[in-house]
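Student: Take a look at the following structure, please.
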Amino acid sequence: MPTSSADSVRLTSVSVDFPLGKSTGSGSTVAALVDIDVTIGVGERVALLGASGAGKSTMLDVIAGLVAPTSGEVEILGSPISALDTRALREHRARVGVVRQAHGLPGQLRVIHNVNGGRLGFWSTWRSLTSLIRPHGRADVAEALERVGLPGIADRRTDELSGGQQQRVAVARALIQDPDLILADEPVSAVDPTLSDDVLSLLAEPTPQHRTLVVSLHDPELARRHVDRVIGLRDGRLAFDVKTADLSDVQLDRLYRSAD
Ligand SMILES: Nc1ncnc2c1ncn2[C@@H]1O[C@H](COP(=O)(O)OP(=O)(O)OP(=O)(O)O)[C@@H](O)[C@H]1O
Ligand SMILES: [Mg+2]
């Protein structure tokens with residue numbers, strides 16, 4: 001458990017409205033998140049659950065600083081994101097590992113470069129560029145790939161891998177970064193059931209610096225097995241925020257039942 005009382009993530013009255021029908025200029029919006037208050041402590045492992053469109057990816061993108069809230073305040077690792085200058089934001093990003101839903105890996109690159117992408121925040125521009133010619137840190141990359149069950153694929157082109165394999169490359173990239181906070185958006189949606197447990201164990205494993213994990217999942221049973229706390233989102237609003245042990249089948253049933 002965390003030794004520090006600091007928060008890893010704090011959302012205060014966060015709302016996100018996305019403009020709809022930009023091309024038609026209709027001016028209407030969709031409320032992807034509505035007045036969300038969530039505080040996540042250092043070292044906590046938290047799953048976001050909710051039906052498709054509930055706001056899970058939006059919430060992770062807001063925490064990652066990729067989507068600015070329409071209103072409200074976002075603090076990550078003790079700093080309000082909106083107050084960071086470019087340099088501080090870069091240093092900050094190096095401490096946050098992101099596994100996006102569409103894994104976000106440049107497909108034409110070899111796997112080794114994509115995994116090394118997790119370290120770019122710590123490398124000089126020169127080191128990053130020379131690594132594209134002669135990759136640095138081969139042994140670390142090989143180890144990270146082995147941990148996600150993909151030994152010996154460092155030199156394969158990323159877009160020649162299956163969807164589930166690419167997801168695991170994205171996880172290897174986040175692990176090699178050794179961040180203080182991992183934000184993972186459905187990191188195992190295309191991975192076999194047994195492997196899904198292995199990958200989530202890696203993401204959720206305790207680390208010396210008490211890494212925090214926020215992960216969105218479609219399968220509540222995976223959440224039950226791997227995280228301490230579950231947050232349910234329904235139509236952009238908090239439906240529940242409970243310890244995993246207290247999550248009831250009734251709460252889950254309500255979460256996924258379509259509004260009627
Ligand atoms: N860039 C965007 N522009 C307009 N609307 C968006 C955009 N991104 C998300 N939305 C809308 O915001 C709402 C929340 O979407 P979000 O992607 O966060 O849901 P989700 O819970 O991650 O769903 P899924 O399980 O399908 O990944 C949805 O109504 C979606 O249509
Ligand atoms: Mg999503």
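To be explicit about the labels: the chains of the structure tokens are called A, B, and onward in the order shown, and within each one the residues are counted from 1, while ligands get numbers from 1 in the order they are shown.
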Taking only C-alpha atoms and all ligand atoms into account, which residues have an atom no farther than 8 Å from ligand 2? I'd like them as a list in words.
Tutor: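 Taking only C-alpha atoms and all ligand atoms into account, the residues around ligand 2 at most 8 Å away are Ser52, Gly53, Gly55, Lys56, Ser57, Thr58, Gln101, Asp185, Glu186 and Ser216 of chain A.
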Student: Which of stretch 20-232 of chain A end up as strand (DSSP E) when DSSP is run on this backbone - answer as a JSON list (two decimals) with N, CA and C atoms, in the first residue's frame?
Tutor:
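Done, and the output landed in result17.json:
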```
[["chain", "number", "residue", "atom", "x", "y", "z"],
["A", 29, "THR", "N", -23.88, 19.84, -28.66],
["A", 29, "THR", "CA", -22.76, 19.13, -28.04],
["A", 29, "THR", "C", -23.25, 17.83, -27.41],
["A", 30, "VAL", "N", -22.28, 16.92, -27.17],
["A", 30, "VAL", "CA", -22.59, 15.72, -26.42],
["A", 30, "VAL", "C", -21.82, 15.79, -25.11],
["A", 31, "ALA", "N", -22.52, 15.51, -24.02],
["A", 31, "ALA", "CA", -21.88, 15.56, -22.69],
["A", 31, "ALA", "C", -21.21, 14.21, -22.44],
["A", 32, "ALA", "N", -19.89, 14.15, -22.64],
["A", 32, "ALA", "CA", -19.17, 12.88, -22.47],
["A", 32, "ALA", "C", -18.86, 12.62, -21.00],
["A", 33, "LEU", "N", -18.61, 13.69, -20.23],
["A", 33, "LEU", "CA", -18.43, 13.57, -18.78],
["A", 33, "LEU", "C", -19.20, 14.70, -18.12],
["A", 34, "VAL", "N", -19.86, 14.39, -17.01],
["A", 34, "VAL", "CA", -20.70, 15.39, -16.35],
["A", 34, "VAL", "C", -20.33, 15.49, -14.88],
["A", 35, "ASP", "N", -19.67, 16.59, -14.51],
["A", 35, "ASP", "CA", -19.44, 16.92, -13.11],
["A", 35, "ASP", "C", -18.82, 15.77, -12.31],
["A", 36, "ILE", "N", -17.66, 15.34, -12.77],
["A", 36, "ILE", "CA", -17.02, 14.18, -12.13],
["A", 36, "ILE", "C", -16.06, 14.64, -11.03],
["A", 37, "ASP", "N", -16.23, 14.07, -9.85],
["A", 37, "ASP", "CA", -15.30, 14.27, -8.74],
["A", 37, "ASP", "C", -14.70, 12.92, -8.38],
["A", 38, "VAL", "N", -13.38, 12.79, -8.59],
["A", 38, "VAL", "CA", -12.70, 11.53, -8.28],
["A", 38, "VAL", "C", -11.31, 11.83, -7.77],
["A", 39, "THR", "N", -10.93, 11.19, -6.68],
["A", 39, "THR", "CA", -9.55, 11.31, -6.19],
["A", 39, "THR", "C", -8.98, 9.90, -6.08],
["A", 40, "ILE", "N", -7.80, 9.72, -6.66],
["A", 40, "ILE", "CA", -7.15, 8.40, -6.65],
["A", 40, "ILE", "C", -5.80, 8.55, -5.96],
["A", 41, "GLY", "N", -5.58, 7.75, -4.92],
["A", 41, "GLY", "CA", -4.34, 7.87, -4.15],
["A", 41, "GLY", "C", -3.17, 7.19, -4.84],
["A", 45, "ARG", "N", -5.02, 0.85, -7.49],
["A", 45, "ARG", "CA", -5.32, 0.24, -8.79],
["A", 45, "ARG", "C", -6.83, 0.35, -8.99],
["A", 46, "VAL", "N", -7.22, 1.09, -10.02],
["A", 46, "VAL", "CA", -8.63, 1.43, -10.20],
["A", 46, "VAL", "C", -9.09, 1.04, -11.60],
["A", 47, "ALA", "N", -10.26, 0.41, -11.69],
["A", 47, "ALA", "CA", -10.83, 0.10, -13.00],
["A", 47, "ALA", "C", -12.01, 1.01, -13.29],
["A", 48, "LEU", "N", -12.12, 1.44, -14.55],
["A", 48, "LEU", "CA", -13.30, 2.17, -15.02],
["A", 48, "LEU", "C", -14.16, 1.19, -15.78],
["A", 49, "LEU", "N", -15.43, 1.08, -15.36],
["A", 49, "LEU", "CA", -16.38, 0.20, -16.04],
["A", 49, "LEU", "C", -17.52, 1.03, -16.58],
["A", 71, "SER", "N", -15.08, 22.19, -18.26],
["A", 71, "SER", "CA", -15.04, 22.90, -16.98],
["A", 71, "SER", "C", -14.49, 21.94, -15.93],
["A", 72, "GLY", "N", -14.00, 22.52, -14.83],
["A", 72, "GLY", "CA", -13.44, 21.70, -13.77],
["A", 72, "GLY", "C", -11.92, 21.71, -13.79],
["A", 73, "GLU", "N", -11.35, 20.99, -12.84],
["A", 73, "GLU", "CA", -9.90, 21.05, -12.61],
["A", 73, "GLU", "C", -9.33, 19.63, -12.59],
["A", 74, "VAL", "N", -8.15, 19.45, -13.22],
["A", 74, "VAL", "CA", -7.50, 18.14, -13.24],
["A", 74, "VAL", "C", -6.11, 18.28, -12.62],
["A", 75, "GLU", "N", -5.85, 17.52, -11.57],
["A", 75, "GLU", "CA", -4.51, 17.51, -10.97],
["A", 75, "GLU", "C", -3.94, 16.11, -11.09],
["A", 76, "ILE", "N", -2.69, 16.04, -11.58],
["A", 76, "ILE", "CA", -2.04, 14.75, -11.70],
["A", 76, "ILE", "C", -0.72, 14.81, -10.95],
["A", 79, "SER", "N", 0.14, 18.19, -9.50],
["A", 79, "SER", "CA", 0.17, 19.44, -10.28],
["A", 79, "SER", "C", -1.11, 19.61, -11.09],
["A", 80, "PRO", "N", -1.68, 20.81, -11.08],
["A", 80, "PRO", "CA", -2.81, 21.05, -11.98],
["A", 80, "PRO", "C", -2.31, 21.08, -13.43],
["A", 96, "VAL", "N", 4.01, 9.48, -16.75],
["A", 96, "VAL", "CA", 2.69, 8.88, -16.97],
["A", 96, "VAL", "C", 2.74, 7.97, -18.21],
["A", 97, "GLY", "N", 2.46, 6.71, -18.02],
["A", 97, "GLY", "CA", 2.45, 5.76, -19.14],
["A", 97, "GLY", "C", 1.03, 5.61, -19.66],
["A", 98, "VAL", "N", 0.88, 5.72, -20.97],
["A", 98, "VAL", "CA", -0.47, 5.69, -21.55],
["A", 98, "VAL", "C", -0.59, 4.53, -22.54],
["A", 99, "VAL", "N", -1.60, 3.70, -22.34],
["A", 99, "VAL", "CA", -1.92, 2.65, -23.31],
["A", 99, "VAL", "C", -3.29, 3.02, -23.86],
["A", 181, "LEU", "N", 2.40, 6.53, -12.92],
["A", 181, "LEU", "CA", 0.96, 6.36, -13.16],
["A", 181, "LEU", "C", 0.77, 5.72, -14.54],
["A", 182, "ILE", "N", 0.00, 4.65, -14.60],
["A", 182, "ILE", "CA", -0.33, 4.05, -15.90],
["A", 182, "ILE", "C", -1.81, 4.27, -16.17],
["A", 183, "LEU", "N", -2.11, 4.80, -17.35],
["A", 183, "LEU", "CA", -3.49, 4.97, -17.80],
["A", 183, "LEU", "C", -3.69, 4.02, -18.98],
["A", 184, "ALA", "N", -4.51, 3.02, -18.81],
["A", 184, "ALA", "CA", -4.63, 1.99, -19.85],
["A", 184, "ALA", "C", -6.09, 1.87, -20.26],
["A", 185, "ASP", "N", -6.33, 2.09, -21.54],
["A", 185, "ASP", "CA", -7.71, 2.08, -22.06],
["A", 185, "ASP", "C", -7.98, 0.75, -22.77],
["A", 212, "THR", "N", 0.58, 3.88, -9.68],
["A", 212, "THR", "CA", -0.88, 3.92, -9.69],
["A", 212, "THR", "C", -1.35, 3.40, -11.05],
["A", 213, "LEU", "N", -2.49, 2.71, -11.05],
["A", 213, "LEU", "CA", -3.05, 2.21, -12.31],
["A", 213, "LEU", "C", -4.51, 2.64, -12.43],
["A", 214, "VAL", "N", -4.84, 3.23, -13.57],
["A", 214, "VAL", "CA", -6.25, 3.47, -13.90],
["A", 214, "VAL", "C", -6.49, 2.78, -15.24],
["A", 215, "VAL", "N", -7.38, 1.80, -15.25],
["A", 215, "VAL", "CA", -7.54, 0.97, -16.44],
["A", 215, "VAL", "C", -9.02, 0.83, -16.76],
["A", 216, "SER", "N", -9.40, 1.05, -18.01],
["A", 216, "SER", "CA", -10.79, 0.80, -18.37],
["A", 216, "SER", "C", -10.89, -0.63, -18.89],
["A", 229, "ARG", "N", -10.27, -1.04, -6.62],
["A", 229, "ARG", "CA", -11.42, -0.13, -6.60],
["A", 229, "ARG", "C", -12.02, -0.06, -8.00],
["A", 230, "VAL", "N", -13.33, 0.07, -8.07],
["A", 230, "VAL", "CA", -13.99, 0.16, -9.37],
["A", 230, "VAL", "C", -14.88, 1.40, -9.43],
["A", 231, "ILE", "N", -14.77, 2.09, -10.55],
["A", 231, "ILE", "CA", -15.59, 3.28, -10.78],
["A", 231, "ILE", "C", -16.51, 2.96, -11.95],
["A", 232, "GLY", "N", -17.81, 3.09, -11.73],
["A", 232, "GLY", "CA", -18.77, 2.83, -12.81],
["A", 232, "GLY", "C", -19.21, 4.14, -13.42]]
```
Student: Might you pull out every residue within 9 Å of stretch 113-116 of chain A, with only C-alpha atoms counted and same-chain residues fewer than 2 positions away left off, and present them as a ChimeraX atom specification?
Tutor: /A:105-107,109-111,118-120,128,131-132,135-138,141,144-145,154-155,158,169-177
Student: Could those residues be written to a file, using N, CA and C atoms, as a PDB file, in the first residue's frame?
Tutor:
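Output file part_6.pdb follows:
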```pdb
ATOM      1  N   LEU A 105       0.214   2.892 -31.956  1.00  0.00           N
ATOM      2  CA  LEU A 105       1.596   2.589 -32.324  1.00  0.00           C
ATOM      3  C   LEU A 105       1.806   2.844 -33.813  1.00  0.00           C
ATOM      4  N   PRO A 106       2.848   3.588 -34.182  1.00  0.00           N
ATOM      5  CA  PRO A 106       3.138   3.708 -35.612  1.00  0.00           C
ATOM      6  C   PRO A 106       3.442   2.324 -36.188  1.00  0.00           C
ATOM      7  N   GLY A 107       2.604   1.853 -37.101  1.00  0.00           N
ATOM      8  CA  GLY A 107       2.669   0.474 -37.571  1.00  0.00           C
ATOM      9  C   GLY A 107       3.889   0.150 -38.406  1.00  0.00           C
ATOM     10  N   LEU A 109       6.877   1.078 -37.942  1.00  0.00           N
ATOM     11  CA  LEU A 109       8.101   0.942 -37.155  1.00  0.00           C
ATOM     12  C   LEU A 109       8.261  -0.490 -36.653  1.00  0.00           C
ATOM     13  N   ARG A 110       9.527  -0.884 -36.463  1.00  0.00           N
ATOM     14  CA  ARG A 110       9.757  -2.175 -35.842  1.00  0.00           C
ATOM     15  C   ARG A 110       9.349  -2.107 -34.367  1.00  0.00           C
ATOM     16  N   VAL A 111       8.999  -3.272 -33.830  1.00  0.00           N
ATOM     17  CA  VAL A 111       8.501  -3.347 -32.449  1.00  0.00           C
ATOM     18  C   VAL A 111       9.473  -2.689 -31.474  1.00  0.00           C
ATOM     19  N   GLY A 118       8.484   4.319 -25.042  1.00  0.00           N
ATOM     20  CA  GLY A 118       8.196   4.564 -23.627  1.00  0.00           C
ATOM     21  C   GLY A 118       9.301   5.320 -22.923  1.00  0.00           C
ATOM     22  N   ARG A 119      10.489   5.359 -23.546  1.00  0.00           N
ATOM     23  CA  ARG A 119      11.618   6.008 -22.859  1.00  0.00           C
ATOM     24  C   ARG A 119      11.981   7.358 -23.468  1.00  0.00           C
ATOM     25  N   LEU A 120      11.274   7.756 -24.514  1.00  0.00           N
ATOM     26  CA  LEU A 120      11.671   8.987 -25.206  1.00  0.00           C
ATOM     27  C   LEU A 120      11.650  10.202 -24.278  1.00  0.00           C
ATOM     28  N   SER A 128      17.376   9.763 -29.013  1.00  0.00           N
ATOM     29  CA  SER A 128      16.152   9.247 -29.649  1.00  0.00           C
ATOM     30  C   SER A 128      16.381   9.014 -31.146  1.00  0.00           C
ATOM     31  N   SER A 131      18.810   6.151 -31.917  1.00  0.00           N
ATOM     32  CA  SER A 131      18.194   4.859 -31.608  1.00  0.00           C
ATOM     33  C   SER A 131      17.370   4.334 -32.781  1.00  0.00           C
ATOM     34  N   LEU A 132      16.912   5.258 -33.625  1.00  0.00           N
ATOM     35  CA  LEU A 132      16.135   4.812 -34.792  1.00  0.00           C
ATOM     36  C   LEU A 132      17.032   4.080 -35.789  1.00  0.00           C
ATOM     37  N   PRO A 135      19.094   0.676 -32.520  1.00  0.00           N
ATOM     38  CA  PRO A 135      18.270   0.798 -31.303  1.00  0.00           C
ATOM     39  C   PRO A 135      19.073   0.621 -30.010  1.00  0.00           C
ATOM     40  N   HIS A 136      18.810   1.516 -29.062  1.00  0.00           N
ATOM     41  CA  HIS A 136      19.419   1.394 -27.736  1.00  0.00           C
ATOM     42  C   HIS A 136      18.572   0.454 -26.880  1.00  0.00           C
ATOM     43  N   GLY A 137      19.186  -0.026 -25.831  1.00  0.00           N
ATOM     44  CA  GLY A 137      18.463  -0.766 -24.794  1.00  0.00           C
ATOM     45  C   GLY A 137      17.808  -2.049 -25.255  1.00  0.00           C
ATOM     46  N   ARG A 138      18.479  -2.769 -26.170  1.00  0.00           N
ATOM     47  CA  ARG A 138      17.904  -4.000 -26.717  1.00  0.00           C
ATOM     48  C   ARG A 138      17.531  -5.016 -25.627  1.00  0.00           C
ATOM     49  N   VAL A 141      14.352  -4.070 -23.840  1.00  0.00           N
ATOM     50  CA  VAL A 141      13.178  -4.257 -24.706  1.00  0.00           C
ATOM     51  C   VAL A 141      12.847  -5.749 -24.792  1.00  0.00           C
ATOM     52  N   ALA A 144      11.122  -6.765 -21.643  1.00  0.00           N
ATOM     53  CA  ALA A 144       9.737  -6.266 -21.553  1.00  0.00           C
ATOM     54  C   ALA A 144       8.827  -7.084 -22.474  1.00  0.00           C
ATOM     55  N   LEU A 145       9.324  -7.421 -23.661  1.00  0.00           N
ATOM     56  CA  LEU A 145       8.503  -8.206 -24.595  1.00  0.00           C
ATOM     57  C   LEU A 145       8.272  -9.616 -24.058  1.00  0.00           C
ATOM     58  N   ALA A 154      11.211  -8.399 -31.425  1.00  0.00           N
ATOM     59  CA  ALA A 154      11.662  -6.997 -31.408  1.00  0.00           C
ATOM     60  C   ALA A 154      11.874  -6.421 -32.807  1.00  0.00           C
ATOM     61  N   ASP A 155      12.254  -7.258 -33.759  1.00  0.00           N
ATOM     62  CA  ASP A 155      12.574  -6.717 -35.080  1.00  0.00           C
ATOM     63  C   ASP A 155      11.446  -6.876 -36.101  1.00  0.00           C
ATOM     64  N   THR A 158       5.582  -3.617 -36.716  1.00  0.00           N
ATOM     65  CA  THR A 158       4.466  -3.632 -35.767  1.00  0.00           C
ATOM     66  C   THR A 158       3.143  -3.942 -36.465  1.00  0.00           C
ATOM     67  N   VAL A 169       2.349  -5.042 -27.156  1.00  0.00           N
ATOM     68  CA  VAL A 169       3.515  -4.176 -27.415  1.00  0.00           C
ATOM     69  C   VAL A 169       3.290  -2.825 -26.723  1.00  0.00           C
ATOM     70  N   ALA A 170       2.061  -2.310 -26.800  1.00  0.00           N
ATOM     71  CA  ALA A 170       1.751  -1.027 -26.139  1.00  0.00           C
ATOM     72  C   ALA A 170       1.922  -1.150 -24.628  1.00  0.00           C
ATOM     73  N   VAL A 171       1.574  -2.311 -24.072  1.00  0.00           N
ATOM     74  CA  VAL A 171       1.768  -2.527 -22.633  1.00  0.00           C
ATOM     75  C   VAL A 171       3.265  -2.590 -22.317  1.00  0.00           C
ATOM     76  N   ALA A 172       4.039  -3.277 -23.167  1.00  0.00           N
ATOM     77  CA  ALA A 172       5.498  -3.351 -22.949  1.00  0.00           C
ATOM     78  C   ALA A 172       6.098  -1.949 -22.972  1.00  0.00           C
ATOM     79  N   ARG A 173       5.599  -1.101 -23.870  1.00  0.00           N
ATOM     80  CA  ARG A 173       6.096   0.281 -23.950  1.00  0.00           C
ATOM     81  C   ARG A 173       5.821   1.031 -22.637  1.00  0.00           C
ATOM     82  N   ALA A 174       4.624   0.841 -22.093  1.00  0.00           N
ATOM     83  CA  ALA A 174       4.294   1.519 -20.821  1.00  0.00           C
ATOM     84  C   ALA A 174       5.141   0.962 -19.673  1.00  0.00           C
ATOM     85  N   LEU A 175       5.374  -0.351 -19.668  1.00  0.00           N
ATOM     86  CA  LEU A 175       6.135  -0.949 -18.560  1.00  0.00           C
ATOM     87  C   LEU A 175       7.590  -0.502 -18.582  1.00  0.00           C
ATOM     88  N   ILE A 176       8.175  -0.407 -19.786  1.00  0.00           N
ATOM     89  CA  ILE A 176       9.593  -0.038 -19.887  1.00  0.00           C
ATOM     90  C   ILE A 176       9.804   1.420 -19.473  1.00  0.00           C
ATOM     91  N   GLN A 177       8.734   2.186 -19.556  1.00  0.00           N
ATOM     92  CA  GLN A 177       8.792   3.601 -19.140  1.00  0.00           C
ATOM     93  C   GLN A 177       8.934   3.698 -17.611  1.00  0.00           C
TER      94      GLN A 177
END
```
Student: Identify, on the basis of only C-alpha atoms, every residue whose closest approach to stretch 197-200 of chain A does not exceed 10 Å; exclude the query and any residue fewer than 2 positions from it along the same chain; express the result as a list in words.
Tutor: Arg147, Val148, Gly149, Gln167, Arg168, Val171, Ala172, Ala184, Pro187, Val188, Val191, Asp192, Pro193, Thr194, Leu195, Leu202, Leu203, Ala204, Glu205, Val215, Leu222, Ala223, Arg225, His226 and Val227 of chain A
Student: Which residue is closest to ligand 1? Choose from A:Asp159, A:Asp228, A:Asp235, A:Glu91 and count only C-alpha atoms and all ligand atoms.
Tutor: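 Result for the nearest residue to ligand 1: A:Asp235.
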Student: Among stretch 175-259 of chain A, which ones does DSSP place in alpha helix (DSSP H), written as an MDAnalysis selection string?
Tutor: chainID A and resid 175:177 193:204 220:226 249:256
